[in-house]
>>> print(open('run.cif').read())   # mmCIF, C-alpha atoms
data_protein
#
loop_
_atom_site.group_PDB
_atom_site.id
_atom_site.type_symbol
_atom_site.label_atom_id
_atom_site.label_comp_id
_atom_site.auth_asym_id
_atom_site.auth_seq_id
_atom_site.Cartn_x
_atom_site.Cartn_y
_atom_site.Cartn_z
ATOM 1 C CA MET S 31 -21.467 16.524 -17.836
ATOM 2 C CA LEU S 32 -22.339 19.803 -16.066
ATOM 3 C CA ALA S 33 -21.025 18.929 -12.580
ATOM 4 C CA PRO S 34 -17.697 17.500 -13.771
ATOM 5 C CA SER S 35 -17.225 20.431 -16.151
ATOM 6 C CA LEU S 36 -17.260 22.761 -13.132
ATOM 7 C CA GLY S 37 -14.293 20.768 -11.862
ATOM 8 C CA ILE S 38 -12.634 21.047 -15.289
ATOM 9 C CA ALA S 39 -13.212 24.809 -15.259
ATOM 10 C CA ALA S 40 -11.704 25.240 -11.778
ATOM 11 C CA TRP S 41 -8.712 23.149 -12.811
ATOM 12 C CA GLY S 42 -8.331 25.256 -15.972
ATOM 13 C CA LEU S 43 -8.487 28.467 -13.931
ATOM 14 C CA VAL S 44 -5.698 27.259 -11.640
ATOM 15 C CA THR S 45 -3.581 26.207 -14.624
ATOM 16 C CA GLY S 46 -4.043 29.595 -16.300
ATOM 17 C CA VAL S 47 -3.126 31.504 -13.126
ATOM 18 C CA ALA S 48 -0.145 29.240 -12.338
ATOM 19 C CA MET S 49 1.312 29.608 -15.846
ATOM 20 C CA VAL S 50 1.401 33.411 -15.670
ATOM 21 C CA LYS S 51 2.425 33.607 -12.001
ATOM 22 C CA SER S 52 5.335 31.236 -12.659
ATOM 23 C CA GLY S 53 6.707 33.687 -15.188
ATOM 24 C CA LEU S 54 5.224 32.933 -18.629
ATOM 25 C CA SER S 55 4.069 35.984 -20.564
ATOM 26 C CA VAL S 56 0.332 36.337 -21.214
ATOM 27 C CA PRO S 57 0.543 35.581 -24.982
ATOM 28 C CA VAL S 58 2.730 32.484 -24.439
ATOM 29 C CA ALA S 59 0.483 31.223 -21.629
ATOM 30 C CA ALA S 60 -2.576 31.733 -23.874
ATOM 31 C CA LEU S 61 -0.880 29.926 -26.768
ATOM 32 C CA MET S 62 0.080 27.037 -24.484
ATOM 33 C CA THR S 63 -3.444 26.693 -23.117
ATOM 34 C CA ILE S 64 -4.994 26.647 -26.576
ATOM 35 C CA ILE S 65 -2.642 24.269 -28.397
ATOM 36 C CA VAL S 66 -1.316 21.963 -25.637
ATOM 37 C CA TYR S 67 -4.692 21.312 -23.934
ATOM 38 C CA ALA S 68 -3.261 18.975 -21.265
ATOM 39 C CA GLY S 69 -3.316 20.512 -17.780
ATOM 40 C CA SER S 70 -1.084 18.112 -15.834
ATOM 41 C CA ALA S 71 1.606 18.143 -18.535
ATOM 42 C CA GLN S 72 1.489 21.956 -18.742
ATOM 43 C CA LEU S 73 1.851 22.321 -14.975
ATOM 44 C CA ALA S 74 4.637 19.741 -14.785
ATOM 45 C CA ALA S 75 6.512 21.493 -17.614
ATOM 46 C CA LEU S 76 6.195 24.917 -15.934
ATOM 47 C CA PRO S 77 9.038 24.788 -13.361
ATOM 48 C CA LEU S 78 11.297 23.289 -16.033
ATOM 49 C CA ILE S 79 10.480 25.980 -18.606
ATOM 50 C CA VAL S 80 11.029 28.705 -16.014
ATOM 51 C CA ALA S 81 14.411 27.138 -15.090
ATOM 52 C CA GLY S 82 15.390 27.085 -18.773
ATOM 53 C CA ALA S 83 15.694 23.281 -18.956
ATOM 54 C CA PRO S 84 16.633 21.637 -22.292
ATOM 55 C CA LEU S 85 13.636 21.026 -24.536
ATOM 56 C CA TRP S 86 14.082 17.240 -24.499
ATOM 57 C CA VAL S 87 13.886 17.078 -20.681
ATOM 58 C CA ILE S 88 10.664 19.115 -20.745
ATOM 59 C CA LEU S 89 9.105 16.999 -23.499
ATOM 60 C CA ALA S 90 10.210 13.705 -21.892
ATOM 61 C CA THR S 91 8.641 14.785 -18.588
ATOM 62 C CA ALA S 92 5.384 15.787 -20.294
ATOM 63 C CA PHE S 93 5.400 12.496 -22.206
ATOM 64 C CA CYS S 94 5.667 10.523 -18.950
ATOM 65 C CA VAL S 95 2.892 12.549 -17.294
ATOM 66 C CA ASN S 96 0.741 11.890 -20.394
ATOM 67 C CA LEU S 97 1.386 8.134 -20.526
ATOM 68 C CA ARG S 98 -2.139 7.446 -19.259
ATOM 69 C CA PHE S 99 -3.353 8.741 -22.640
ATOM 70 C CA VAL S 100 -1.244 6.065 -24.368
ATOM 71 C CA ILE S 101 -3.258 3.479 -22.447
ATOM 72 C CA TYR S 102 -6.549 5.193 -23.423
ATOM 73 C CA SER S 103 -5.432 5.296 -27.067
ATOM 74 C CA ALA S 104 -5.220 1.484 -27.224
ATOM 75 C CA HIS S 105 -8.891 1.557 -26.220
ATOM 76 C CA TRP S 106 -9.852 4.396 -28.609
ATOM 77 C CA ARG S 107 -8.428 2.310 -31.477
ATOM 78 C CA LYS S 108 -11.237 -0.202 -31.081
ATOM 79 C CA TYR S 109 -13.823 2.539 -31.715
ATOM 80 C CA PHE S 110 -12.009 4.824 -34.196
ATOM 81 C CA GLY S 111 -9.352 2.545 -35.751
ATOM 82 C CA HIS S 112 -11.287 2.275 -39.046
ATOM 83 C CA LEU S 113 -11.198 6.056 -39.722
ATOM 84 C CA PRO S 114 -8.475 7.749 -41.833
ATOM 85 C CA ARG S 115 -5.333 8.567 -39.868
ATOM 86 C CA TRP S 116 -5.690 12.392 -39.716
ATOM 87 C CA GLN S 117 -9.287 12.002 -38.560
ATOM 88 C CA ARG S 118 -8.539 9.574 -35.735
ATOM 89 C CA LEU S 119 -5.541 11.651 -34.577
ATOM 90 C CA THR S 120 -7.677 14.814 -34.566
ATOM 91 C CA LEU S 121 -10.358 13.051 -32.529
ATOM 92 C CA THR S 122 -7.963 11.698 -29.899
ATOM 93 C CA TYR S 123 -6.031 14.997 -29.734
ATOM 94 C CA VAL S 124 -9.061 16.670 -28.150
ATOM 95 C CA ALA S 125 -10.113 13.677 -26.009
ATOM 96 C CA ALA S 126 -9.397 14.528 -22.353
ATOM 97 C CA ASP S 127 -9.599 12.172 -19.355
ATOM 98 C CA LEU S 128 -13.246 12.941 -18.650
ATOM 99 C CA ASN S 129 -14.255 12.319 -22.283
ATOM 100 C CA TYR S 130 -12.590 8.908 -22.190
ATOM 101 C CA VAL S 131 -14.211 7.896 -18.899
ATOM 102 C CA LEU S 132 -17.708 8.966 -19.991
ATOM 103 C CA PHE S 133 -17.391 7.482 -23.489
ATOM 104 C CA VAL S 134 -16.356 3.980 -22.405
ATOM 105 C CA ARG S 135 -19.104 4.030 -19.770
ATOM 106 C CA ARG S 136 -21.678 4.972 -22.431
ATOM 107 C CA PHE S 137 -20.301 2.466 -25.020
ATOM 108 C CA PRO S 138 -18.911 -0.494 -23.056
ATOM 109 C CA ASP S 139 -18.970 -2.702 -26.172
ATOM 110 C CA PRO S 140 -15.608 -1.934 -27.857
ATOM 111 C CA GLN S 141 -16.649 -1.749 -31.509
ATOM 112 C CA PRO S 142 -17.691 1.070 -33.854
ATOM 113 C CA ALA S 143 -21.340 2.239 -33.899
ATOM 114 C CA PRO S 144 -22.939 5.189 -35.744
ATOM 115 C CA GLU S 145 -24.154 7.002 -32.602
ATOM 116 C CA GLN S 146 -20.638 7.164 -31.123
ATOM 117 C CA LEU S 147 -19.287 10.089 -33.156
ATOM 118 C CA PRO S 148 -22.061 12.597 -32.268
ATOM 119 C CA TYR S 149 -21.778 11.615 -28.590
ATOM 120 C CA PHE S 150 -18.003 11.985 -28.736
ATOM 121 C CA LEU S 151 -18.095 15.373 -30.495
ATOM 122 C CA GLY S 152 -20.652 16.771 -28.042
ATOM 123 C CA GLY S 153 -18.531 15.675 -25.077
ATOM 124 C CA VAL S 154 -15.202 16.969 -26.358
ATOM 125 C CA THR S 155 -16.707 20.310 -27.456
ATOM 126 C CA TRP S 156 -18.190 20.883 -24.017
ATOM 127 C CA ASN S 157 -15.010 19.834 -22.204
ATOM 128 C CA TRP S 158 -12.786 21.881 -24.541
ATOM 129 C CA GLY S 159 -14.947 24.975 -24.096
ATOM 130 C CA SER S 160 -15.100 24.712 -20.281
ATOM 131 C CA TRP S 161 -11.352 24.267 -20.076
ATOM 132 C CA GLN S 162 -10.340 26.984 -22.549
ATOM 133 C CA VAL S 163 -12.681 29.694 -21.249
ATOM 134 C CA ALA S 164 -11.617 29.104 -17.628
ATOM 135 C CA SER S 165 -7.931 28.791 -18.431
ATOM 136 C CA LEU S 166 -7.826 31.952 -20.560
ATOM 137 C CA LEU S 167 -9.741 33.757 -17.817
ATOM 138 C CA GLY S 168 -7.061 32.583 -15.359
ATOM 139 C CA VAL S 169 -4.324 33.884 -17.663
ATOM 140 C CA VAL S 170 -5.956 37.320 -17.883
ATOM 141 C CA LEU S 171 -6.802 37.540 -14.154
ATOM 142 C CA ALA S 172 -3.344 36.381 -13.059
ATOM 143 C CA ASP S 173 -1.843 39.403 -14.771
ATOM 144 C CA ARG S 174 -3.649 41.586 -12.188
ATOM 145 C CA VAL S 175 -2.652 39.510 -9.137
ATOM 146 C CA PRO S 176 0.558 40.488 -7.258
ATOM 147 C CA THR S 177 3.394 37.952 -7.567
ATOM 148 C CA GLU S 178 3.928 38.122 -3.764
ATOM 149 C CA TRP S 179 0.729 36.113 -3.299
ATOM 150 C CA GLY S 180 2.690 33.081 -4.511
ATOM 151 C CA LEU S 181 -0.136 31.744 -6.694
ATOM 152 C CA GLY S 182 2.369 29.982 -8.973
ATOM 153 C CA PHE S 183 2.480 27.340 -6.234
ATOM 154 C CA ALA S 184 -1.218 26.538 -6.802
ATOM 155 C CA GLY S 185 -0.037 24.555 -9.844
ATOM 156 C CA VAL S 186 2.142 22.379 -7.593
ATOM 157 C CA LEU S 187 -0.837 21.839 -5.252
ATOM 158 C CA ALA S 188 -2.907 20.718 -8.260
ATOM 159 C CA LEU S 189 -0.228 18.201 -9.247
ATOM 160 C CA LEU S 190 -0.031 17.077 -5.602
ATOM 161 C CA GLY S 191 -3.727 16.157 -5.730
ATOM 162 C CA VAL S 192 -3.246 14.220 -8.972
ATOM 163 C CA THR S 193 -0.241 12.419 -7.460
ATOM 164 C CA TYR S 194 -2.268 11.308 -4.422
ATOM 165 C CA SER S 195 -4.997 10.001 -6.713
ATOM 166 C CA LEU S 196 -2.398 7.810 -8.494
ATOM 167 C CA LEU S 197 -1.091 6.250 -5.266
ATOM 168 C CA SER S 198 -2.640 2.842 -4.724
ATOM 169 C CA GLY S 199 -0.931 0.314 -2.505
ATOM 170 C CA GLY S 200 2.435 0.140 -0.783
ATOM 171 C CA LYS S 201 4.512 -0.433 -3.909
ATOM 172 C CA SER S 202 3.363 2.800 -5.549
ATOM 173 C CA TRP S 203 4.159 4.711 -2.332
ATOM 174 C CA ILE S 204 7.676 3.267 -2.285
ATOM 175 C CA ALA S 205 8.237 4.025 -5.995
ATOM 176 C CA ALA S 206 6.981 7.597 -5.454
ATOM 177 C CA GLY S 207 9.150 8.075 -2.357
ATOM 178 C CA VAL S 208 12.244 6.899 -4.224
ATOM 179 C CA ALA S 209 11.448 9.170 -7.195
ATOM 180 C CA ALA S 210 10.997 12.158 -4.836
ATOM 181 C CA CYS S 211 14.255 11.545 -2.932
ATOM 182 C CA ALA S 212 16.210 10.950 -6.146
ATOM 183 C CA ALA S 213 14.858 14.133 -7.785
ATOM 184 C CA VAL S 214 15.714 16.216 -4.696
ATOM 185 C CA ALA S 215 19.119 14.600 -4.085
ATOM 186 C CA ALA S 216 20.127 15.008 -7.750
ATOM 187 C CA PHE S 217 18.956 18.643 -7.896
ATOM 188 C CA GLY S 218 22.550 19.847 -8.341
ATOM 189 C CA LEU S 219 22.837 18.101 -11.722
ATOM 190 C CA PRO S 220 22.917 20.426 -14.742
ATOM 191 C CA LEU S 221 20.115 20.677 -17.354
ATOM 192 C CA ASN S 222 17.409 19.675 -14.810
ATOM 193 C CA LEU S 223 18.528 16.086 -15.231
ATOM 194 C CA ASN S 224 17.344 15.438 -11.651
ATOM 195 C CA ILE S 225 13.840 15.023 -13.143
ATOM 196 C CA VAL S 226 15.078 12.290 -15.479
ATOM 197 C CA VAL S 227 16.965 10.630 -12.589
ATOM 198 C CA GLY S 228 13.812 10.771 -10.437
ATOM 199 C CA ILE S 229 11.589 9.239 -13.135
ATOM 200 C CA ALA S 230 14.108 6.475 -13.915
ATOM 201 C CA ALA S 231 14.582 5.650 -10.218
ATOM 202 C CA GLY S 232 10.818 5.511 -9.574
ATOM 203 C CA VAL S 233 10.071 3.307 -12.593
ATOM 204 C CA VAL S 234 12.988 0.911 -11.934
ATOM 205 C CA VAL S 235 12.032 0.501 -8.263
ATOM 206 C CA GLY S 236 8.382 -0.035 -9.245
ATOM 207 C CA LEU S 237 9.295 -2.724 -11.783
ATOM 208 C CA LEU S 238 11.642 -4.443 -9.296
ATOM 209 C CA LEU S 239 8.915 -4.432 -6.639
ATOM 210 C CA ASP S 240 6.434 -5.892 -9.157
ATOM 211 C CA ARG S 241 8.939 -8.650 -9.919
ATOM 212 C CA ALA S 242 9.606 -9.343 -6.223
ATOM 213 C CA PHE S 243 5.933 -9.217 -5.153
ATOM 214 C CA PRO S 244 3.918 -10.019 -8.312
ATOM 215 C CA ASP S 245 0.725 -10.946 -6.408
ATOM 216 C CA THR S 246 0.255 -7.364 -5.182
ATOM 217 C CA ALA S 247 0.693 -5.589 -8.543
ATOM 218 C CA VAL S 248 -0.675 -2.037 -8.437
ATOM 219 C CA GLU S 249 -3.876 -1.284 -10.240
ATOM 220 C CA ARG S 250 -3.632 0.439 -13.580
ATOM 221 C CA VAL S 251 -3.431 4.184 -13.295
ATOM 222 C CA MET J 116 13.542 32.940 -20.655
ATOM 223 C CA GLY J 117 13.341 33.991 -24.319
ATOM 224 C CA VAL J 118 10.019 34.234 -26.113
ATOM 225 C CA SER J 119 11.172 31.915 -28.914
ATOM 226 C CA TYR J 120 12.222 29.267 -26.340
ATOM 227 C CA ALA J 121 8.829 29.483 -24.598
ATOM 228 C CA VAL J 122 6.958 29.256 -27.924
ATOM 229 C CA LEU J 123 9.111 26.276 -28.943
ATOM 230 C CA CYS J 124 8.217 24.590 -25.625
ATOM 231 C CA ALA J 125 4.497 25.226 -26.228
ATOM 232 C CA VAL J 126 4.650 23.759 -29.755
ATOM 233 C CA GLY J 127 6.707 20.787 -28.511
ATOM 234 C CA LEU J 128 4.195 20.114 -25.724
ATOM 235 C CA ALA J 129 1.341 20.246 -28.251
ATOM 236 C CA VAL J 130 3.128 17.599 -30.326
ATOM 237 C CA VAL J 131 3.482 15.476 -27.154
ATOM 238 C CA THR J 132 -0.290 15.800 -26.608
ATOM 239 C CA VAL J 133 -0.996 14.579 -30.165
ATOM 240 C CA LEU J 134 1.515 11.708 -29.914
ATOM 241 C CA THR J 135 0.397 10.409 -26.510
ATOM 242 C CA ARG J 136 -3.378 10.775 -27.027
ATOM 243 C CA GLY J 137 -3.123 9.155 -30.454
ATOM 244 C CA PHE J 138 -0.287 6.722 -29.698
ATOM 245 C CA PHE J 139 -1.966 3.476 -30.771
ATOM 246 C CA LEU J 140 -3.819 5.217 -33.610
ATOM 247 C CA LEU J 141 -0.655 6.438 -35.374
ATOM 248 C CA SER J 142 -0.019 3.153 -37.157
ATOM 249 C CA GLU J 143 -2.360 1.520 -39.679
ATOM 250 C CA ARG J 144 -1.495 -1.875 -38.200
ATOM 251 C CA ASP J 145 -2.335 -3.111 -34.701
ATOM 252 C CA LEU J 146 0.579 -2.539 -32.340
ATOM 253 C CA THR J 147 1.368 -4.354 -29.125
ATOM 254 C CA LEU J 148 3.898 -3.332 -26.487
ATOM 255 C CA PRO J 149 6.072 -5.852 -24.582
ATOM 256 C CA PRO J 150 4.680 -6.680 -21.098
ATOM 257 C CA TRP J 151 7.512 -4.893 -19.236
ATOM 258 C CA ALA J 152 6.719 -1.670 -21.130
ATOM 259 C CA MET J 153 3.020 -1.878 -20.246
ATOM 260 C CA GLN J 154 4.063 -2.468 -16.627
ATOM 261 C CA GLY J 155 6.409 0.525 -16.688
ATOM 262 C CA LEU J 156 3.528 2.668 -17.984
ATOM 263 C CA ARG J 157 1.887 2.379 -14.580
ATOM 264 C CA TYR J 158 4.767 3.865 -12.637
ATOM 265 C CA ALA J 159 6.088 6.499 -15.074
ATOM 266 C CA PRO J 160 3.308 9.138 -14.643
ATOM 267 C CA LEU J 161 3.532 8.885 -10.853
ATOM 268 C CA ALA J 162 7.343 9.075 -10.895
ATOM 269 C CA ALA J 163 7.311 12.063 -13.283
ATOM 270 C CA LEU J 164 4.813 14.051 -11.202
ATOM 271 C CA VAL J 165 6.677 13.350 -7.961
ATOM 272 C CA ALA J 166 10.054 14.185 -9.522
ATOM 273 C CA VAL J 167 8.677 17.582 -10.612
ATOM 274 C CA ILE J 168 6.823 18.587 -7.433
ATOM 275 C CA ALA J 169 9.157 17.254 -4.697
ATOM 276 C CA PRO J 170 11.957 19.790 -5.402
ATOM 277 C CA GLU J 171 9.347 22.556 -5.826
ATOM 278 C CA ILE J 172 8.021 21.791 -2.329
ATOM 279 C CA VAL J 173 11.175 21.213 -0.270
ATOM 280 C CA LEU J 174 13.855 23.356 -1.966
ATOM 281 C CA THR J 175 14.454 27.109 -2.167
ATOM 282 C CA ASP J 176 17.100 28.006 -4.768
ATOM 283 C CA GLY J 177 18.455 24.464 -4.583
ATOM 284 C CA ILE J 178 18.712 24.319 -0.757
ATOM 285 C CA LEU J 179 16.349 22.507 1.639
ATOM 286 C CA ILE J 180 13.801 24.805 3.331
ATOM 287 C CA ALA J 181 15.467 26.057 6.533
ATOM 288 C CA THR J 182 12.608 28.133 7.986
ATOM 289 C CA TRP J 183 9.127 27.418 9.326
ATOM 290 C CA ALA J 184 7.953 30.743 7.897
ATOM 291 C CA ASP J 185 7.284 29.280 4.451
ATOM 292 C CA ALA J 186 3.677 29.131 3.269
ATOM 293 C CA ARG J 187 4.416 26.128 1.027
ATOM 294 C CA ILE J 188 4.850 23.824 4.073
ATOM 295 C CA TYR J 189 1.389 24.585 5.476
ATOM 296 C CA ALA J 190 -0.317 24.656 2.074
ATOM 297 C CA VAL J 191 1.002 21.151 1.338
ATOM 298 C CA LEU J 192 0.098 19.857 4.835
ATOM 299 C CA VAL J 193 -3.473 21.171 4.600
ATOM 300 C CA GLY J 194 -3.882 19.955 1.006
ATOM 301 C CA THR J 195 -2.596 16.527 2.060
ATOM 302 C CA ALA J 196 -4.931 16.409 5.062
ATOM 303 C CA TYR J 197 -7.873 17.316 2.809
ATOM 304 C CA PHE J 198 -7.016 14.549 0.329
ATOM 305 C CA ALA J 199 -6.633 12.003 3.154
ATOM 306 C CA TRP J 200 -10.085 13.062 4.397
ATOM 307 C CA ARG J 201 -12.185 13.423 1.211
ATOM 308 C CA ARG J 202 -10.044 12.001 -1.660
ATOM 309 C CA GLY J 203 -10.858 15.042 -3.835
ATOM 310 C CA ILE J 204 -8.319 16.712 -6.122
ATOM 311 C CA LEU J 205 -10.256 19.969 -6.389
ATOM 312 C CA GLY J 206 -10.591 20.321 -2.613
ATOM 313 C CA THR J 207 -6.864 19.661 -2.260
ATOM 314 C CA ILE J 208 -6.149 22.600 -4.586
ATOM 315 C CA VAL J 209 -8.704 24.924 -2.974
ATOM 316 C CA SER J 210 -7.757 24.215 0.663
ATOM 317 C CA GLY J 211 -4.022 24.373 -0.015
ATOM 318 C CA THR J 212 -4.330 27.588 -2.022
ATOM 319 C CA ALA J 213 -6.475 29.181 0.694
ATOM 320 C CA VAL J 214 -3.725 28.532 3.269
ATOM 321 C CA LEU J 215 -1.093 29.764 0.810
ATOM 322 C CA LEU J 216 -2.938 33.042 0.241
ATOM 323 C CA ALA J 217 -3.761 33.539 3.937
ATOM 324 C CA LEU J 218 -0.110 33.202 4.954
ATOM 325 C CA ASN J 219 1.373 35.112 2.023
ATOM 326 C CA ILE J 220 -1.088 38.017 2.146
ATOM 327 C CA GLY J 221 -1.981 37.941 5.855
ATOM 328 C CA LEU J 222 1.507 37.434 7.299
ATOM 329 C CA GLY J 223 3.512 38.693 4.341
ATOM 330 C CA TRP J 224 5.666 35.512 4.090
#
>>> encode(input="run.cif", output="structure tokens")
Amino acid sequence: MLAPSLGIAAWGLVTGVAMVKSGLSVPVAALMTIIVYAGSAQLAALPLIVAGAPLWVILATAFCVNLRFVIYSAHWRKYFGHLPRWQRLTLTYVAADLNYVLFVRRFPDPQPAPEQLPYFLGGVTWNWGSWQVASLLGVVLADRVPTEWGLGFAGVLALLGVTYSLLSGGKSWIAAGVAACAAVAAFGLPLNLNIVVGIAAGVVVGLLLDRAFPDTAVERV
Amino acid sequence: MGVSYAVLCAVGLAVVTVLTRGFFLLSERDLTLPPWAMQGLRYAPLAALVAVIAPEIVLTDGILIATWADARIYAVLVGTAYFAWRRGILGTIVSGTAVLLALNIGLGW
């Protein structure tokens, strides 16, 4: 858990710096870090918030970026489905990617067991702490860094890395290329609707490609 | 950007975190999604990320980059080269940001 949490901390630092250097005030950036606790969604929402996009476009974009968690949640249900609703929602709220990966590796048998909760709580506490400390540090430090350094763009570079990690096989490249071209070409639309156009175009092309070439379906992301 | 708008965004994003991380735990009954929806789930995160970053990389105030003196170009190229070489997200961020800072601070771009 120590080595990956260094990665989490570096990622949190970049997110904290990017939020402030993109134009969020220090208190708002701190609030966002503490309550949202989802780096990719925060970074993806940033350019839209700065541009003053409608709330629904921002939330829809974050929802799409977070869809991997929907897939995890189907899996979490097998372990935590028997708990009361507020308890299971609290548990999954703080369960980041790394927690999911480590947990299902440690407990491959998808049914409840008494030793799962302590393991889970230890993991999420450690991950939460690494992320929050680093991200808040980034927020505070960014306030002292000149805007001319262009560090707001570090958030885009972080998302670029995540995007590359999601690309697997020709169909995903084509879907991504179509989404990129559509989002750029439709940039003139009001209300940042180019993002919605880009997402719709990418998903539709991906589904059509899956239908046309079902034997080469992309791996789950 | 008003403070109340930014706070509203933060609260809304927190709700999105709760809803997505707990999606299949919201209901007391077991839910299943239609196959096309599960298939769409694979492409949506990729499409959303690309739709956000592509304009951030190639546009300046809504117009395609028209100069080579833009640190973003080289930061993205170096970050991309790093990912092609080592497949690491962290290294992509670090190498790209290093180029960004070198050009912005060193050359004043």
>>> interface_residues(input="run.cif", of="chain S", to="chain J", cutoff="6 Å", atoms="all atoms listed in the file", output="number ranges by chain")
S: 62, 65-66, 94-95, 99-100, 103-104, 107, 119, 122-123, 179, 184, 187-188, 191, 206, 209-210, 213-214, 225, 228-229, 232-233, 250-251
>>> atom_distance(input="run.cif", atom1="atom CA of S:Phe93", atom2="atom CA of S:Val226")
11.8 Å
>>> resolve_selection(input="run.cif", expression="the PyMOL selection byres ((chain S and resi 221) around 8)", output="ChimeraX atom specification")
/S:83-84,87,219-220,222-223
>>> closest_residue(input="run.cif", among="S:Tyr109, S:Tyr194, S:Trp116, S:Tyr67", to="S:Pro138", atoms="only C-alpha atoms")
S:Tyr109
>>> atom_distance(input="run.cif", atom1="atom CA of S:Gln72", atom2="atom CA of S:Val170")
17.1 Å
>>> resolve_selection(input="run.cif", expression="the PyMOL selection byres ((chain S and resi 140) around 8)", output="list in words")
His105, Lys108, Tyr109, Phe137, Pro138, Asp139, Gln141 and Pro142 of chain S
>>> resolve_selection(input="run.cif", expression="the PyMOL selection byres ((chain S and resi 158) around 12)", output="PyMOL selection string")
chain S and resi 35+38-39+42+63-69+123-129+150-157+159-166
>>> build_atoms(input="run.cif", residues="stretch 212-228 of chain S", atoms="N, CA and C atoms", output="compact mmCIF listing (two decimals), keeping the file's coordinate frame")
# COMPACT_ATOMS: atom_id res chain seq x y z
N ALA S 212 15.20 10.89 -5.08
CA ALA S 212 16.21 10.95 -6.15
C ALA S 212 16.18 12.32 -6.83
N ALA S 213 14.97 12.85 -7.08
CA ALA S 213 14.86 14.13 -7.78
C ALA S 213 15.40 15.27 -6.92
N VAL S 214 15.20 15.18 -5.60
CA VAL S 214 15.71 16.22 -4.70
C VAL S 214 17.23 16.08 -4.53
N ALA S 215 17.69 14.82 -4.32
CA ALA S 215 19.12 14.60 -4.08
C ALA S 215 19.94 14.97 -5.32
N ALA S 216 19.38 14.75 -6.51
CA ALA S 216 20.13 15.01 -7.75
C ALA S 216 19.89 16.42 -8.27
N PHE S 217 19.33 17.30 -7.43
CA PHE S 217 18.96 18.64 -7.90
C PHE S 217 20.14 19.42 -8.44
N GLY S 218 21.36 19.12 -7.91
CA GLY S 218 22.55 19.85 -8.34
C GLY S 218 22.99 19.52 -9.76
N LEU S 219 22.44 18.46 -10.36
CA LEU S 219 22.84 18.10 -11.72
C LEU S 219 22.47 19.22 -12.69
N PRO S 220 23.26 19.41 -13.75
CA PRO S 220 22.92 20.43 -14.74
C PRO S 220 21.73 20.00 -15.60
N LEU S 221 21.16 20.94 -16.35
CA LEU S 221 20.11 20.68 -17.35
C LEU S 221 18.85 20.05 -16.76
N ASN S 222 18.58 20.27 -15.46
CA ASN S 222 17.41 19.68 -14.81
C ASN S 222 17.34 18.16 -14.97
N LEU S 223 18.51 17.54 -15.06
CA LEU S 223 18.53 16.09 -15.23
C LEU S 223 18.02 15.36 -13.99
N ASN S 224 17.88 16.08 -12.85
CA ASN S 224 17.34 15.44 -11.65
C ASN S 224 15.94 14.88 -11.90
N ILE S 225 15.18 15.52 -12.81
CA ILE S 225 13.84 15.02 -13.14
C ILE S 225 13.95 13.65 -13.81
N VAL S 226 14.89 13.55 -14.76
CA VAL S 226 15.08 12.29 -15.48
C VAL S 226 15.55 11.21 -14.51
N VAL S 227 16.47 11.57 -13.60
CA VAL S 227 16.96 10.63 -12.59
C VAL S 227 15.80 10.16 -11.71
N GLY S 228 14.95 11.11 -11.29
CA GLY S 228 13.81 10.77 -10.44
C GLY S 228 12.85 9.81 -11.13
